[in-house]
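Working notes, beginning with the structure itself.
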Amino acid sequence: MQNNLDFGKRGEDLAVNYLIDKGYQILERNWRSGHKEIDIIALDGNTLVAVEVKTRQSNTYGEPDIAVDVMKQKMLIWAAEAYVRYKNLDVEIRFDIISIVMTNTEIHLEHLEDAFIPTI
């Protein structure tokens, strides 16, 4: 059985390939600012997209995306703002979630664009 880090990396690899197939330009993977991390940073046209990838072996306890709670959203927003400042960018930011359920026999990937809107 693979460990959680390998399992999560496999999910992120699937997400990256999915986004590339959709025409996104991948800018960063696992970008960190302090203890905050963005799994994938990509460009969709002129929009910067911060993507959180959640991979599970089943949806017994709900779809993986429900794990992106308000606290996780705040951390993603903070990290995305730090990235924009660090790179001195003037872009719109969108927050997406890619939810993956990967069993021994099948893979189900769901891409939630504009999964949440940052509040002021």
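Identifiers in the structure tokens: chain A, B, ... in order shown; residue index from 1 per chain; ligand index from 1 in order shown.
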
Using only C-alpha atoms, which protein or nucleic acid residues come within 9 Å of Pro118 of chain A? Drop anything in the same chain fewer than 3 positions from it, and give the result as a list in words.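 Skipping anything fewer than 3 positions along the chain leaves Gln73, Lys74, Ile77, Arg94 and Phe95 of chain A.
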
Might you pull out every residue within 10 Å of Arg56 of chain A, with only C-alpha atoms counted and same-chain residues fewer than 5 positions away left off, and present them as a count of residues only? 14

Could you tell me, as a PyMOL selection string, which residues of chain A DSSP assigns to strand (DSSP E) when given the backbone? chain A and resi 25-33+36-44+47-56+92-102+107-112

Those selected residues, please, written with N, CA and C atoms and delivered as a short mmCIF file (atom, residue, chain, number, x, y, z; two decimals), in the first residue's frame.
```cif
data_model
loop_
_atom_site.label_atom_id
_atom_site.label_comp_id
_atom_site.auth_asym_id
_atom_site.auth_seq_id
_atom_site.Cartn_x
_atom_site.Cartn_y
_atom_site.Cartn_z
N GLN A 25 -1.74 26.98 -18.19
CA GLN A 25 -0.29 27.02 -18.10
C GLN A 25 0.08 26.85 -16.63
N ILE A 26 0.81 25.81 -16.31
CA ILE A 26 1.21 25.55 -14.92
C ILE A 26 2.42 26.43 -14.60
N LEU A 27 2.29 27.25 -13.56
CA LEU A 27 3.38 28.14 -13.15
C LEU A 27 4.17 27.57 -11.98
N GLU A 28 3.47 26.96 -11.03
CA GLU A 28 4.13 26.47 -9.81
C GLU A 28 3.38 25.23 -9.30
N ARG A 29 4.14 24.40 -8.61
CA ARG A 29 3.54 23.28 -7.86
C ARG A 29 4.05 23.36 -6.44
N ASN A 30 3.16 23.17 -5.50
CA ASN A 30 3.51 23.16 -4.07
C ASN A 30 4.27 24.42 -3.66
N TRP A 31 3.75 25.57 -4.07
CA TRP A 31 4.37 26.85 -3.74
C TRP A 31 4.05 27.19 -2.29
N ARG A 32 5.08 27.56 -1.55
CA ARG A 32 4.93 27.85 -0.12
C ARG A 32 5.26 29.30 0.22
N SER A 33 4.50 29.78 1.19
CA SER A 33 4.81 31.04 1.85
C SER A 33 4.64 30.77 3.34
N LYS A 36 2.01 28.11 4.73
CA LYS A 36 0.87 28.03 3.81
C LYS A 36 1.35 27.57 2.44
N GLU A 37 0.53 26.73 1.80
CA GLU A 37 0.93 26.14 0.53
C GLU A 37 -0.23 26.16 -0.46
N ILE A 38 0.12 26.37 -1.72
CA ILE A 38 -0.83 26.23 -2.82
C ILE A 38 -0.36 25.04 -3.65
N ASP A 39 -1.25 24.08 -3.84
CA ASP A 39 -0.87 22.86 -4.56
C ASP A 39 -0.44 23.17 -5.99
N ILE A 40 -1.26 23.94 -6.71
CA ILE A 40 -0.96 24.27 -8.10
C ILE A 40 -1.30 25.74 -8.33
N ILE A 41 -0.39 26.46 -8.98
CA ILE A 41 -0.68 27.82 -9.43
C ILE A 41 -0.59 27.77 -10.95
N ALA A 42 -1.64 28.24 -11.60
CA ALA A 42 -1.72 28.14 -13.06
C ALA A 42 -2.33 29.41 -13.64
N LEU A 43 -2.16 29.55 -14.93
CA LEU A 43 -2.83 30.62 -15.67
C LEU A 43 -3.91 30.00 -16.55
N ASP A 44 -5.10 30.57 -16.46
CA ASP A 44 -6.21 30.23 -17.35
C ASP A 44 -6.51 31.52 -18.11
N THR A 47 -6.14 34.91 -16.13
CA THR A 47 -6.53 34.73 -14.72
C THR A 47 -5.56 33.79 -14.03
N LEU A 48 -5.06 34.24 -12.88
CA LEU A 48 -4.21 33.39 -12.05
C LEU A 48 -5.14 32.47 -11.26
N VAL A 49 -4.86 31.18 -11.28
CA VAL A 49 -5.71 30.21 -10.60
C VAL A 49 -4.91 29.49 -9.52
N ALA A 50 -5.39 29.60 -8.30
CA ALA A 50 -4.82 28.85 -7.18
C ALA A 50 -5.69 27.60 -7.02
N VAL A 51 -5.06 26.44 -7.17
CA VAL A 51 -5.80 25.18 -7.17
C VAL A 51 -5.43 24.35 -5.95
N GLU A 52 -6.44 23.97 -5.20
CA GLU A 52 -6.28 23.03 -4.09
C GLU A 52 -6.72 21.66 -4.59
N VAL A 53 -5.86 20.66 -4.42
CA VAL A 53 -6.17 19.30 -4.85
C VAL A 53 -6.44 18.45 -3.62
N LYS A 54 -7.57 17.78 -3.61
CA LYS A 54 -7.93 16.87 -2.53
C LYS A 54 -8.15 15.49 -3.13
N THR A 55 -7.37 14.53 -2.67
CA THR A 55 -7.44 13.17 -3.20
C THR A 55 -7.79 12.22 -2.06
N ARG A 56 -8.75 11.36 -2.31
CA ARG A 56 -9.18 10.36 -1.33
C ARG A 56 -9.30 9.00 -1.99
N GLU A 92 -6.17 39.01 -11.86
CA GLU A 92 -7.29 38.51 -11.09
C GLU A 92 -6.93 37.11 -10.60
N ILE A 93 -7.41 36.76 -9.41
CA ILE A 93 -7.14 35.46 -8.84
C ILE A 93 -8.45 34.69 -8.73
N ARG A 94 -8.39 33.43 -9.13
CA ARG A 94 -9.54 32.54 -8.98
C ARG A 94 -9.09 31.36 -8.14
N PHE A 95 -10.01 30.83 -7.34
CA PHE A 95 -9.71 29.71 -6.47
C PHE A 95 -10.52 28.50 -6.91
N ASP A 96 -9.81 27.46 -7.33
CA ASP A 96 -10.44 26.22 -7.80
C ASP A 96 -10.07 25.08 -6.86
N ILE A 97 -10.92 24.06 -6.87
CA ILE A 97 -10.63 22.82 -6.16
C ILE A 97 -10.73 21.68 -7.17
N ILE A 98 -9.76 20.81 -7.14
CA ILE A 98 -9.87 19.56 -7.91
C ILE A 98 -10.01 18.44 -6.89
N SER A 99 -11.14 17.76 -6.99
CA SER A 99 -11.51 16.69 -6.09
C SER A 99 -11.32 15.37 -6.82
N ILE A 100 -10.53 14.47 -6.23
CA ILE A 100 -10.23 13.20 -6.88
C ILE A 100 -10.53 12.05 -5.92
N VAL A 101 -11.31 11.10 -6.40
CA VAL A 101 -11.51 9.85 -5.68
C VAL A 101 -10.84 8.78 -6.52
N MET A 102 -9.82 8.15 -5.94
CA MET A 102 -9.00 7.20 -6.67
C MET A 102 -9.04 5.85 -5.94
N ILE A 107 -10.81 6.11 -11.31
CA ILE A 107 -10.47 7.46 -10.88
C ILE A 107 -11.61 8.38 -11.27
N HIS A 108 -12.09 9.15 -10.31
CA HIS A 108 -13.12 10.15 -10.59
C HIS A 108 -12.56 11.52 -10.22
N LEU A 109 -12.43 12.40 -11.20
CA LEU A 109 -11.88 13.74 -11.00
C LEU A 109 -12.97 14.76 -11.27
N GLU A 110 -13.14 15.69 -10.34
CA GLU A 110 -14.10 16.78 -10.52
C GLU A 110 -13.38 18.11 -10.31
N HIS A 111 -13.55 19.02 -11.27
CA HIS A 111 -12.91 20.33 -11.21
C HIS A 111 -13.97 21.36 -10.86
N LEU A 112 -13.82 21.99 -9.71
CA LEU A 112 -14.74 23.02 -9.27
C LEU A 112 -14.09 24.39 -9.49
#
```

In Å and to one decimal, atom CA of Ala82 of chain A is distant from atom CA of Gly34 of chain A by 9.9 Å

For a quick check of understanding, using only C-alpha atoms, which of A:Arg10, A:Ser58, A:Val16, A:Phe116 has the smallest distance to Lys72 of chain A?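 Comparing A:Arg10, A:Ser58, A:Val16, A:Phe116 against Lys72 of chain A, the winner is A:Phe116.
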
What parts of segment 35-109 of chain A does DSSP call helix (DSSP H, G or I)? I'd like the answer as number ranges by chain. A: 64-67, 70-87
